[in-house]
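Trainee: Contents of input.cif (mmCIF, C-alpha atoms) are below:
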data_model
#
loop_
_atom_site.label_atom_id
_atom_site.label_comp_id
_atom_site.auth_asym_id
_atom_site.auth_seq_id
_atom_site.Cartn_x
_atom_site.Cartn_y
_atom_site.Cartn_z
CA MET F 223 -33.78 55.17 4.10
CA ASN F 224 -31.72 52.46 2.35
CA ASP F 225 -33.66 49.18 2.14
CA HIS F 226 -30.48 47.26 2.95
CA GLU F 227 -29.52 49.32 6.01
CA GLY F 228 -29.16 47.11 9.07
CA ASP F 229 -28.88 43.87 7.06
CA VAL F 230 -26.32 41.35 8.31
CA PRO F 231 -23.53 41.05 5.71
CA ALA F 232 -23.26 37.70 3.92
CA ARG F 233 -19.58 37.41 4.88
CA ARG F 234 -17.58 38.88 7.74
CA LEU F 235 -14.19 38.42 9.31
CA LEU F 236 -13.75 36.47 12.54
CA LEU F 237 -10.66 37.49 14.50
CA THR F 238 -9.25 35.33 17.31
CA ARG F 239 -6.12 36.04 19.30
CA ALA F 240 -3.61 33.21 19.22
CA SER F 241 -3.32 33.62 22.98
CA ASP F 242 -6.98 32.61 23.29
CA ILE F 243 -6.37 29.27 21.53
CA GLU F 244 -5.29 26.48 23.87
CA PRO F 245 -2.48 24.45 22.25
CA GLU F 246 -2.85 20.65 22.14
CA PRO F 247 -0.66 17.77 20.97
CA THR F 248 -1.63 15.74 17.93
CA VAL F 249 -4.08 12.95 18.74
CA TRP F 250 -3.13 9.74 16.91
CA ALA F 251 -5.70 7.14 15.95
CA TRP F 252 -2.89 4.73 15.04
CA LEU F 253 0.41 4.61 16.88
CA ASP F 254 2.78 2.17 15.22
CA ASP F 255 5.72 1.27 17.46
CA GLY F 256 5.12 4.49 19.39
CA GLN F 257 5.09 6.71 16.28
CA GLY F 258 1.96 8.31 14.86
CA ARG F 259 0.81 7.19 11.44
CA VAL F 260 -2.91 8.05 11.19
CA PRO F 261 -4.04 11.24 12.95
CA ALA F 262 -7.47 11.46 14.55
CA GLY F 263 -9.55 14.46 13.54
CA ALA F 264 -7.97 14.70 10.11
CA LEU F 265 -8.31 13.56 6.50
CA SER F 266 -5.94 10.80 5.34
CA VAL F 267 -5.64 9.15 1.92
CA ALA F 268 -4.59 5.61 0.97
CA ALA F 269 -3.58 5.46 -2.70
CA GLY F 270 -2.27 2.84 -5.10
CA ARG F 271 -2.89 1.03 -8.34
CA GLU F 272 -5.65 -1.50 -8.83
CA GLY F 273 -5.24 -4.65 -6.78
CA THR F 274 -2.63 -3.40 -4.32
CA GLY F 275 -4.87 -3.83 -1.26
CA LYS F 276 -5.62 -0.21 -0.34
CA SER F 277 -9.31 -0.99 0.19
CA SER F 278 -8.31 -3.98 2.32
CA PHE F 279 -6.35 -1.53 4.48
CA GLY F 280 -9.62 0.30 5.09
CA MET F 281 -11.10 -3.01 6.26
CA TRP F 282 -8.07 -3.53 8.52
CA MET F 283 -8.61 -0.12 10.08
CA ALA F 284 -12.34 -0.76 10.52
CA SER F 285 -11.64 -4.08 12.23
CA HIS F 286 -9.24 -2.61 14.77
CA ILE F 287 -11.39 0.47 15.45
CA THR F 288 -14.54 -1.58 16.10
CA SER F 289 -12.67 -4.00 18.35
CA GLY F 290 -10.74 -1.30 20.20
CA SER F 291 -7.45 -3.06 19.38
CA LEU F 292 -5.70 -0.31 17.39
CA PRO F 293 -2.84 1.25 19.39
CA GLY F 294 -3.62 4.93 19.73
CA ASN F 295 -6.34 7.25 20.97
CA PHE F 296 -9.17 4.73 20.53
CA HIS F 297 -7.38 1.72 22.03
CA GLY F 298 -9.57 -0.20 24.46
CA GLN F 299 -12.65 1.74 23.31
CA PRO F 300 -14.53 -0.03 20.50
CA ARG F 301 -16.01 2.70 18.31
CA ALA F 302 -18.36 2.86 15.35
CA VAL F 303 -17.22 3.06 11.72
CA PHE F 304 -19.02 4.60 8.74
CA TYR F 305 -18.20 2.86 5.44
CA VAL F 306 -19.04 4.51 2.12
CA ALA F 307 -18.40 1.87 -0.56
CA VAL F 308 -19.36 2.96 -4.05
CA GLU F 309 -17.89 0.23 -6.28
CA ASP F 310 -18.28 -3.05 -4.35
CA SER F 311 -21.28 -5.15 -3.31
CA TRP F 312 -21.99 -5.14 0.40
CA LYS F 313 -23.44 -8.67 0.38
CA GLN F 314 -20.76 -10.33 -1.74
CA THR F 315 -17.66 -8.29 -0.96
CA ILE F 316 -17.79 -5.73 1.87
CA VAL F 317 -19.47 -7.78 4.61
CA PRO F 318 -17.50 -11.01 3.94
CA ARG F 319 -14.24 -9.04 3.96
CA LEU F 320 -15.21 -7.29 7.20
CA ILE F 321 -15.94 -10.70 8.76
CA ALA F 322 -12.57 -12.04 7.57
CA ALA F 323 -10.86 -8.97 9.04
CA GLY F 324 -12.50 -9.58 12.40
CA ALA F 325 -14.65 -6.44 12.48
CA ASN F 326 -17.58 -6.03 14.85
CA LEU F 327 -20.40 -5.79 12.29
CA ASP F 328 -22.72 -4.18 14.82
CA LEU F 329 -20.44 -1.14 14.79
CA VAL F 330 -19.99 -0.83 11.00
CA TYR F 331 -22.59 1.22 9.11
CA ARG F 332 -23.21 1.42 5.39
CA VAL F 333 -23.71 5.10 4.54
CA GLU F 334 -25.93 6.26 1.70
CA ALA F 335 -27.82 9.45 1.03
CA VAL F 336 -31.58 9.34 0.47
CA GLU F 337 -33.42 11.78 -1.77
CA ALA F 338 -37.17 12.21 -1.62
CA GLU F 339 -37.49 11.87 -5.39
CA TYR F 340 -34.77 9.31 -6.23
CA GLY F 341 -34.40 7.26 -3.05
CA GLU F 342 -30.97 5.89 -2.05
CA THR F 343 -28.05 7.48 -3.83
CA THR F 344 -24.31 8.01 -3.46
CA LEU F 345 -23.03 10.38 -0.81
CA SER F 346 -22.19 13.76 -2.32
CA LEU F 347 -19.62 16.08 -0.78
CA PRO F 348 -19.79 18.85 0.31
CA GLN F 349 -23.57 18.76 -0.13
CA ASP F 350 -24.03 16.05 2.50
CA ASN F 351 -21.38 17.29 4.94
CA SER F 352 -23.84 18.57 7.54
CA LEU F 353 -25.82 15.30 7.46
CA MET F 354 -22.60 13.31 7.81
CA GLU F 355 -21.28 15.41 10.69
CA LYS F 356 -24.55 15.07 12.61
CA ALA F 357 -24.54 11.28 12.16
CA ILE F 358 -20.85 11.00 13.18
CA THR F 359 -21.59 12.85 16.42
CA GLU F 360 -24.77 10.88 17.18
CA HIS F 361 -23.11 7.47 16.73
CA GLY F 362 -19.70 8.26 18.23
CA VAL F 363 -17.97 7.39 14.98
CA ALA F 364 -14.16 7.18 15.04
CA LEU F 365 -13.52 6.24 11.38
CA VAL F 366 -15.19 7.14 8.08
CA VAL F 367 -13.93 5.25 5.02
CA LEU F 368 -14.70 6.82 1.62
CA ASP F 369 -14.04 4.16 -1.02
CA PRO F 370 -13.21 5.61 -3.45
CA LEU F 371 -12.91 9.24 -2.36
CA MET F 372 -13.24 10.51 -5.92
CA SER F 373 -16.75 9.02 -6.28
CA CYS F 374 -17.95 10.95 -3.23
CA ILE F 375 -17.09 14.34 -4.75
CA GLY F 376 -20.27 16.14 -5.75
CA LYS F 377 -21.44 16.71 -9.31
CA GLY F 378 -20.29 19.91 -10.92
CA ILE F 379 -16.87 19.81 -9.26
CA ASP F 380 -13.97 19.46 -11.68
CA THR F 381 -11.77 16.91 -9.90
CA HIS F 382 -8.74 18.03 -11.92
CA ARG F 383 -8.92 21.65 -10.72
CA GLU F 384 -7.42 22.20 -7.27
CA ARG F 385 -9.67 25.13 -6.40
CA ASP F 386 -12.79 23.11 -7.26
CA VAL F 387 -11.67 20.04 -5.30
CA ARG F 388 -10.86 22.15 -2.26
CA THR F 389 -14.52 23.21 -2.05
CA ALA F 390 -15.21 19.57 -1.18
CA LEU F 391 -12.08 18.54 0.74
CA ASP F 392 -11.47 21.62 2.90
CA PRO F 393 -14.90 21.41 4.59
CA LEU F 394 -14.34 17.65 4.97
CA ALA F 395 -11.05 18.27 6.77
CA ARG F 396 -12.71 20.83 9.08
CA MET F 397 -15.49 18.33 9.83
CA ALA F 398 -12.89 15.75 10.82
CA ASP F 399 -11.26 18.30 13.13
CA ARG F 400 -14.55 19.16 14.82
CA THR F 401 -15.63 15.54 15.33
CA GLY F 402 -12.23 14.02 16.10
CA ALA F 403 -12.91 11.20 13.63
CA VAL F 404 -10.50 9.74 11.09
CA LEU F 405 -11.62 10.35 7.52
CA LEU F 406 -9.84 7.83 5.28
CA GLY F 407 -10.20 8.32 1.54
CA ILE F 408 -9.25 5.51 -0.86
CA ALA F 409 -7.70 6.80 -4.09
CA HIS F 410 -6.21 5.43 -7.30
CA PHE F 411 -2.89 6.18 -8.97
CA ASN F 412 -2.89 7.78 -12.38
CA LYS F 413 -0.80 6.50 -15.30
CA GLY F 414 2.05 8.92 -14.64
CA ALA F 415 5.68 7.92 -14.27
CA SER F 416 6.36 9.77 -11.01
CA THR F 417 8.05 7.91 -8.16
CA ASP F 418 6.23 9.98 -5.51
CA PRO F 419 3.06 8.12 -4.42
CA ALA F 420 1.33 11.35 -3.36
CA SER F 421 1.93 12.95 -6.78
CA LEU F 422 0.39 9.94 -8.55
CA ILE F 423 -3.06 10.32 -6.96
CA THR F 424 -5.62 10.74 -9.73
CA GLY F 425 -7.09 14.23 -9.89
CA SER F 426 -5.90 17.63 -8.80
CA GLY F 427 -3.09 18.36 -6.37
CA ALA F 428 -5.68 19.00 -3.65
CA PHE F 429 -5.97 15.23 -3.13
CA LYS F 430 -2.40 15.24 -1.78
CA ASN F 431 -2.27 18.77 -0.36
CA VAL F 432 -5.36 18.75 1.88
CA PRO F 433 -4.88 15.38 3.66
CA ARG F 434 -2.55 15.37 6.68
CA ALA F 435 -1.40 11.83 5.92
CA VAL F 436 -0.96 10.03 2.59
CA PHE F 437 -0.13 6.33 2.23
CA GLY F 438 1.16 4.72 -0.96
CA PHE F 439 0.56 1.03 -1.73
CA ALA F 440 2.41 -1.12 -4.26
CA ARG F 441 3.37 -4.69 -5.13
CA ASP F 442 6.93 -5.81 -4.52
CA ASP F 443 7.06 -8.83 -6.82
CA ASP F 444 10.73 -9.55 -6.15
CA ASN F 445 10.07 -9.98 -2.43
CA GLU F 446 6.67 -11.62 -2.99
CA CYS F 447 4.85 -9.12 -0.81
CA ARG F 448 3.17 -5.73 -0.95
CA VAL F 449 4.42 -2.50 0.58
CA MET F 450 2.82 0.49 2.32
CA THR F 451 4.86 3.69 2.55
CA GLN F 452 3.86 6.85 4.40
CA ALA F 453 4.34 9.38 1.61
CA LYS F 454 3.12 12.29 3.74
CA ASN F 455 2.86 12.80 7.49
CA SER F 456 2.26 16.49 8.18
CA LEU F 457 1.67 15.99 11.90
CA GLY F 458 4.36 13.43 12.70
CA ARG F 459 7.65 11.93 11.58
CA ALA F 460 8.26 11.86 7.84
CA ASP F 461 10.87 9.07 8.02
CA LEU F 462 8.71 6.21 9.28
CA PRO F 463 9.75 2.82 7.88
CA SER F 464 7.72 1.24 5.10
CA LEU F 465 5.64 -1.77 6.08
CA ALA F 466 5.31 -5.09 4.24
CA TYR F 467 1.93 -6.78 4.05
CA ASN F 468 0.13 -9.54 2.23
CA ILE F 469 -3.46 -10.22 1.25
CA MET F 470 -4.18 -13.66 2.66
CA SER F 471 -6.95 -15.88 1.31
CA ALA F 472 -9.86 -16.37 3.69
CA GLU F 473 -13.05 -18.40 3.54
CA VAL F 474 -16.19 -16.93 5.09
CA PRO F 475 -19.19 -19.24 5.53
CA THR F 476 -22.57 -17.79 4.61
CA ARG F 477 -26.07 -19.24 4.54
CA THR F 478 -25.85 -19.73 0.79
CA GLY F 479 -22.26 -20.96 0.48
CA THR F 480 -18.67 -19.99 1.13
CA ALA F 481 -17.34 -16.54 0.24
CA HIS F 482 -13.67 -16.43 -0.76
CA VAL F 483 -12.11 -13.08 0.13
CA GLY F 484 -8.79 -11.49 0.99
CA ARG F 485 -7.57 -10.42 4.45
CA PHE F 486 -4.99 -7.67 5.00
CA VAL F 487 -2.05 -8.85 7.16
CA PHE F 488 1.06 -6.83 8.04
CA THR F 489 4.25 -8.92 8.07
CA GLY F 490 6.80 -6.40 9.40
CA GLN F 491 9.02 -3.67 8.04
CA SER F 492 9.83 -3.64 4.32
CA THR F 493 13.31 -3.50 2.85
CA ARG F 494 11.98 -1.47 -0.06
CA SER F 495 9.73 1.60 -0.19
CA VAL F 496 6.89 2.28 -2.61
CA ASP F 497 9.03 5.05 -4.10
CA GLU F 498 11.77 2.53 -4.90
CA ILE F 499 9.27 0.08 -6.39
CA LEU F 500 7.85 2.80 -8.63
CA ALA F 501 11.34 3.99 -9.59
CA ALA F 502 12.33 0.49 -10.65
CA GLY F 503 9.23 0.20 -12.81
CA TYR F 504 8.09 -3.00 -11.11
CA GLU F 505 4.44 -2.05 -11.48
CA THR F 506 4.47 -0.63 -14.98
CA ASP F 507 6.37 -3.47 -16.67
CA ARG F 508 4.75 -6.47 -14.95
CA GLY F 509 3.24 -7.50 -18.28
CA GLU F 510 6.68 -7.50 -19.91
CA ARG F 511 8.05 -9.59 -17.03
CA ASP F 512 5.26 -12.17 -17.40
CA GLU F 513 5.87 -12.45 -21.15
CA ALA F 514 9.60 -12.81 -20.52
CA ALA F 515 8.89 -15.56 -17.96
CA ASP F 516 6.91 -17.53 -20.55
CA TRP F 517 9.70 -17.05 -23.08
CA LEU F 518 12.41 -18.08 -20.59
CA ARG F 519 10.69 -21.26 -19.52
CA GLY F 520 9.98 -22.22 -23.12
CA TYR F 521 13.58 -21.57 -24.17
CA LEU F 522 15.02 -23.68 -21.34
CA MET F 523 12.55 -26.51 -22.01
CA ASP F 524 13.77 -26.54 -25.62
CA GLN F 525 17.34 -26.79 -24.27
CA GLY F 526 16.55 -29.77 -22.07
CA GLY F 527 15.82 -27.73 -18.94
CA GLU F 528 19.03 -25.70 -18.63
CA ALA F 529 21.44 -23.54 -20.61
CA PRO F 530 24.47 -21.31 -20.01
CA ALA F 531 23.40 -17.90 -18.73
CA LYS F 532 25.28 -16.10 -21.51
CA ASP F 533 23.43 -18.12 -24.17
CA VAL F 534 20.06 -17.38 -22.57
CA LYS F 535 20.79 -13.65 -22.45
CA LYS F 536 21.97 -13.63 -26.05
CA ALA F 537 18.84 -15.42 -27.26
CA ALA F 538 16.62 -13.10 -25.20
CA ALA F 539 18.29 -10.01 -26.65
CA ALA F 540 17.59 -11.34 -30.14
CA ASP F 541 13.91 -11.41 -29.20
CA ASP F 542 14.04 -7.83 -27.81
CA ILE F 543 13.92 -8.88 -24.14
CA SER F 544 16.17 -6.72 -21.98
CA GLU F 545 18.56 -8.35 -19.51
CA ARG F 546 16.89 -6.54 -16.61
CA THR F 547 13.42 -7.83 -17.57
CA LEU F 548 14.86 -11.31 -18.11
CA GLN F 549 16.42 -11.41 -14.65
CA ARG F 550 13.19 -10.23 -13.06
CA ALA F 551 11.34 -13.00 -14.92
CA MET F 552 13.45 -15.77 -13.39
CA ARG F 553 11.37 -16.19 -10.22
CA LYS F 554 8.11 -16.07 -12.17
CA ALA F 555 9.39 -18.77 -14.54
CA GLY F 556 10.68 -20.99 -11.71
CA VAL F 557 14.25 -20.62 -12.96
CA VAL F 558 17.37 -20.56 -10.79
CA SER F 559 21.01 -19.80 -11.46
CA ALA F 560 23.68 -22.40 -10.66
CA ARG F 561 27.44 -22.34 -10.81
CA ALA F 562 28.66 -24.78 -13.45
CA GLY F 563 32.11 -25.02 -11.92
CA PHE F 564 35.04 -22.76 -11.38
CA GLY F 565 35.63 -20.59 -14.42
CA LYS F 566 32.75 -22.14 -16.35
CA GLY F 567 30.20 -19.40 -15.84
CA ALA F 568 26.60 -19.64 -14.66
CA VAL F 569 23.90 -22.02 -15.80
CA TRP F 570 20.19 -21.17 -15.70
CA ARG F 571 17.88 -24.10 -15.19
CA ILE F 572 14.24 -24.77 -14.43
CA GLU F 573 14.08 -25.30 -10.67
CA ALA F 574 12.01 -28.50 -10.84
CA LEU F 575 14.85 -30.12 -12.76
CA THR F 576 17.61 -29.33 -10.25
CA THR F 577 19.21 -31.98 -8.08
CA ASN F 578 20.71 -31.74 -4.63
CA THR F 579 24.35 -32.84 -4.61
CA ASP F 580 27.46 -31.68 -2.85
CA SER F 581 29.20 -30.62 -6.08
CA ASP F 582 29.10 -27.18 -7.66
CA GLU F 583 27.95 -28.78 -10.88
CA GLY F 584 24.77 -30.26 -9.42
CA SER F 585 23.60 -27.81 -6.75
CA ALA F 586 21.29 -25.01 -7.77
CA VAL F 587 21.73 -21.64 -6.12
CA ALA F 588 18.33 -20.00 -5.84
CA PRO F 589 18.13 -16.24 -5.41
CA GLN F 590 17.31 -15.49 -1.78
CA SER F 591 14.25 -13.35 -1.21
CA ARG F 592 14.83 -10.29 0.94
CA HIS F 593 11.29 -10.83 2.17
CA SER F 594 12.53 -13.86 4.11
CA ARG F 595 14.73 -11.58 6.18
CA GLN F 596 11.94 -9.26 7.28
CA PRO F 597 10.68 -9.45 10.87
CA SER F 598 8.33 -12.43 10.94
CA ASP F 599 6.54 -11.70 14.20
CA PRO F 600 4.03 -8.89 13.76
CA GLY F 601 3.32 -6.71 16.74
CA ALA F 602 0.03 -6.23 18.51
CA ASN F 603 -1.21 -3.98 15.75
CA GLY F 604 -0.08 -6.34 13.02
CA ALA F 605 2.66 -3.99 11.93
CA THR F 606 5.88 -3.32 13.85
CA GLY F 607 4.61 -3.04 17.39
CA GLY F 608 6.36 -6.21 18.50
CA ALA F 609 9.79 -5.51 17.03
CA THR F 610 12.72 -4.99 19.35
CA GLY F 611 15.06 -2.04 19.11
CA ASP F 612 17.68 -4.21 17.41
CA ASP F 613 15.11 -5.50 14.92
CA ARG F 614 14.11 -1.98 14.03
CA ARG F 615 17.68 -0.81 13.58
CA GLY F 616 18.40 -3.77 11.30
CA ALA F 617 15.26 -3.13 9.26
CA SER F 618 16.16 0.55 8.89
CA LEU F 619 19.64 -0.34 7.64
CA SER F 620 18.22 -2.82 5.15
CA VAL F 621 15.96 -0.12 3.75
CA LEU F 622 18.92 2.19 3.23
CA TYR F 623 21.33 -0.49 2.06
CA PRO F 624 19.45 -3.39 0.44
CA PRO F 625 21.61 -6.44 -0.34
CA ALA F 626 23.26 -6.34 -3.78
CA LEU F 627 22.86 -9.09 -6.35
CA CYS F 628 25.59 -10.63 -8.48
CA THR F 629 25.41 -9.12 -11.97
CA VAL F 630 26.13 -12.54 -13.54
CA CYS F 631 24.13 -15.16 -11.65
CA GLY F 632 21.59 -12.91 -9.94
CA THR F 633 22.10 -14.36 -6.44
CA GLU F 634 22.79 -12.32 -3.32
CA MET F 635 26.27 -10.86 -2.85
CA VAL F 636 28.31 -11.06 0.32
CA PRO F 637 30.98 -8.67 -0.99
CA LEU F 638 34.63 -9.07 -0.15
CA SER F 639 35.10 -5.42 -1.00
CA PRO F 640 32.59 -2.53 -1.33
CA ASP F 641 32.99 -2.34 -5.11
CA GLN F 642 32.60 -6.06 -5.78
CA THR F 643 29.71 -6.85 -8.15
CA THR F 644 30.21 -10.52 -9.05
CA HIS F 645 31.03 -13.75 -7.23
CA PRO F 646 34.64 -14.94 -7.65
CA ASN F 647 33.39 -18.16 -9.30
CA CYS F 648 31.15 -16.38 -11.79
CA ASP F 649 32.43 -15.77 -15.27
CA SER F 650 32.35 -12.00 -15.76
CA ALA F 651 31.88 -12.55 -19.46
CA ALA F 652 28.69 -14.59 -18.95
#
Render the structure in this file as structure tokens.

Mentor:
Amino acid sequence: MNDHEGDVPARRLLLTRASDIEPEPTVWAWLDDGQGRVPAGALSVAAGREGTGKSSFGMWMASHITSGSLPGNFHGQPRAVFYVAVEDSWKQTIVPRLIAAGANLDLVYRVEAVEAEYGETTLSLPQDNSLMEKAITEHGVALVVLDPLMSCIGKGIDTHRERDVRTALDPLARMADRTGAVLLGIAHFNKGASTDPASLITGSGAFKNVPRAVFGFARDDDNECRVMTQAKNSLGRADLPSLAYNIMSAEVPTRTGTAHVGRFVFTGQSTRSVDEILAAGYETDRGERDEAADWLRGYLMDQGGEAPAKDVKKAAAADDISERTLQRAMRKAGVVSARAGFGKGAVWRIEALTTNTDSDEGSAVAPQSRHSRQPSDPGANGATGGATGDDRRGASLSVLYPPALCTVCGTEMVPLSPDQTTHPNCDSAA
């Protein structure tokens, strides 16, 4: 008789008729203006470069989940949150930021693994999946934040090989489906030049392929805000508008002093997407812009505070500063463009030195920020929930057709014809 006869095979096929599976609609943890952004029971990823506020978004989510204020499946039902923070101090960073965000601290849990030999250690996936799933079920957890997701991937997994990464992420996605919880991974952008936020996530393609939703975060320096774009939404609409947000300073009193932290605040729909910000190179050439701003201010100070635009551009070109970088540096340097009179071209001057008169010669024309035209009243969820239908249509149009700027003075155009690129009073030779 064969010793192995009657043994249960290590692997077998499980066959289920589709007719035996009851169909269900997608359950959304976050409904923004009636449209689903973050699905419950699925893995989502928030990705961006350092300092864009993606971790603060995790705090924002935790706050609304624990207070039951997030429009969606958990609204009106405060639920627990598991927070896995690998890089930041809980005492000095995580807890103060949760307080500033308005989270219910009694419902937020720090999650660590404990080994008999080594004590507390970092969560390791998929090794700790079963422990995590049991704890999620026991505590009725609605949100698990993994910050950063990469640091939770177990040792021995090559994070740049898709097949390896899937051994950690696929079971994680199935765990989210079984528990109904949101699993939100925080990820970093790599140094690539792609304009697709999902393609810039550090590591293998699995980090964008496995999640059902991917959010890109970036700074929009020209509009003095930050932008969140839904780069992937496998279960809902793919054309959701980008959202503008800021990180507001907050002071949190503690027993040993005041903690100064940032608080994530949505300000409405954005006129520019993360894709557009990346395409324009706003994030990769910020250092060049800052250097150009220092140069521009110094040059104008040497000229008594103002100079003809054409002279400034000529001097900048001699110092290897491109016109595009120079124009982007104007706001940083506190410089505005003014009309020097009909046919006389534009003058650039340091804003503090401008005067308010009724003449063209003395009135400075500051570039208008498109951020000032965004909806100023956030909805109940801090995003677009309070916008009217007309507001939303206007915001959508502004995303597709952002206002043009005069190629001479840099101020906003109100074109007399579709192909107009300069103001009538601006010298085209400037």

Trainee: Around the point (13.5, 6.1, -2.6) (coordinates from the file), which residues reach within 12 Å if we count all atoms listed in the file? Answer as a VMD selection string.

Mentor: chain F and resid 416 to 419 451 to 453 461 463 to 464 493 to 502 621 to 624

Trainee: Do a neighbour search on Ala403 (chain F) at 10 Å with all atoms listed in the file, toss out local chain neighbours closer than 5 positions, and write the hits as a list in words.

Mentor: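 The contact residues come out as Ala251, Pro261, Ala262, Gly263, Ala264, Leu265, Val303, Glu355, Ile358, Thr359, Gly362, Val363, Ala364, Leu365, Val366, Met397 and Ala398 of chain F.
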
Trainee: Convert the output of the PyMOL selection byres ((chain F and resi 260) around 10) on the shown file into explicit residues, formatted as number ranges by chain.

Mentor: F: 249-254, 257-259, 261-267, 294, 404-406, 434-437, 452, 455, 457-458

Trainee: Let me see the file: selected residues, C-alpha atoms, as a JSON list (two decimals), in the coordinates of the input.

Mentor:
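File written: selection_4.json
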[["chain", "number", "residue", "atom", "x", "y", "z"],
["F", 249, "VAL", "CA", -4.08, 12.95, 18.74],
["F", 250, "TRP", "CA", -3.13, 9.74, 16.91],
["F", 251, "ALA", "CA", -5.70, 7.14, 15.95],
["F", 252, "TRP", "CA", -2.89, 4.73, 15.04],
["F", 253, "LEU", "CA", 0.41, 4.61, 16.88],
["F", 254, "ASP", "CA", 2.78, 2.17, 15.22],
["F", 257, "GLN", "CA", 5.09, 6.71, 16.28],
["F", 258, "GLY", "CA", 1.96, 8.31, 14.86],
["F", 259, "ARG", "CA", 0.81, 7.19, 11.44],
["F", 261, "PRO", "CA", -4.04, 11.24, 12.95],
["F", 262, "ALA", "CA", -7.47, 11.46, 14.55],
["F", 263, "GLY", "CA", -9.55, 14.46, 13.54],
["F", 264, "ALA", "CA", -7.97, 14.70, 10.11],
["F", 265, "LEU", "CA", -8.31, 13.56, 6.50],
["F", 266, "SER", "CA", -5.94, 10.80, 5.34],
["F", 267, "VAL", "CA", -5.64, 9.15, 1.92],
["F", 294, "GLY", "CA", -3.62, 4.93, 19.73],
["F", 404, "VAL", "CA", -10.50, 9.74, 11.09],
["F", 405, "LEU", "CA", -11.62, 10.35, 7.52],
["F", 406, "LEU", "CA", -9.84, 7.83, 5.28],
["F", 434, "ARG", "CA", -2.55, 15.37, 6.68],
["F", 435, "ALA", "CA", -1.40, 11.83, 5.92],
["F", 436, "VAL", "CA", -0.96, 10.03, 2.59],
["F", 437, "PHE", "CA", -0.13, 6.33, 2.23],
["F", 452, "GLN", "CA", 3.86, 6.85, 4.40],
["F", 455, "ASN", "CA", 2.86, 12.80, 7.49],
["F", 457, "LEU", "CA", 1.67, 15.99, 11.90],
["F", 458, "GLY", "CA", 4.36, 13.43, 12.70]]

Trainee: Find the spatial neighbours of Ala440 (chain F), counting all atoms listed in the file, within a cut-off of 6 Å - ignore same-chain residues fewer than 2 positions away - and output them as a PyMOL selection string.

Mentor: chain F and resi 274+448-449+496

Trainee: Suppose you want the space between CA of Phe486 (chain F) and CA of Met450 (chain F); what is it in Å?

Mentor: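 A separation of 11.6 Å between them.
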
Trainee: What is the distance between CA of Met552 (chain F) and CA of Pro530 (chain F), in Å to one decimal?

Mentor: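 About the pair CA of Met552 (chain F) and CA of Pro530 (chain F): they are 14.0 Å apart.
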
Trainee: Find the spatial neighbours of Thr344 (chain F), counting all atoms listed in the file, within a cut-off of 12 Å - ignore same-chain residues fewer than 4 positions away - and output them as a PyMOL selection string.

Mentor: chain F and resi 305-309+332-337+340+349-350+368-377

Trainee: Counting only C-alpha atoms, figure out which residue out of F:Glu246, F:Asp310, F:Glu446, F:Asp255 gets nearest to Ser277 (chain F).

Mentor: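 For Ser277 (chain F), the nearest of the given residues is F:Asp310.
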
Trainee: For a quick check of understanding, using only C-alpha atoms, which of F:Val569, F:Tyr467, F:Thr547, F:Asp542 has the smallest distance to Ala529 (chain F)?

Mentor: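 With only C-alpha atoms as the atom set, the closest residue is F:Val569.
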
Trainee: On this file, the PyMOL selection byres ((chain F and resi 423) around 9) gives some set of residues; write that set as a PyMOL selection string.

Mentor: chain F and resi 269-270+409-412+419-422+424-427+429-430

Trainee: I'd like to know which of F:Arg511, F:Lys356, F:His361, F:Lys276 is closest to Phe304 (chain F), using only C-alpha atoms.

Mentor: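 Ranked by minimum distance to Phe304 (chain F), first place goes to F:His361.
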
Trainee: Residues within 8 Å of (-14.9, 0.4, 8.6), file coordinates, counting all atoms listed in the file: what are they? Give the list as an MDAnalysis selection string.

Mentor: chainID F and resid 280:285 287:288 302:305 320 325 330:331 365:367

Trainee: Just want the 8 Å neighbourhood of Ser289 (chain F), counted on all atoms listed in the file, with same-chain residues fewer than 5 positions away dropped. Output as a ChimeraX atom specification.

Mentor: /F:298-301,325-326
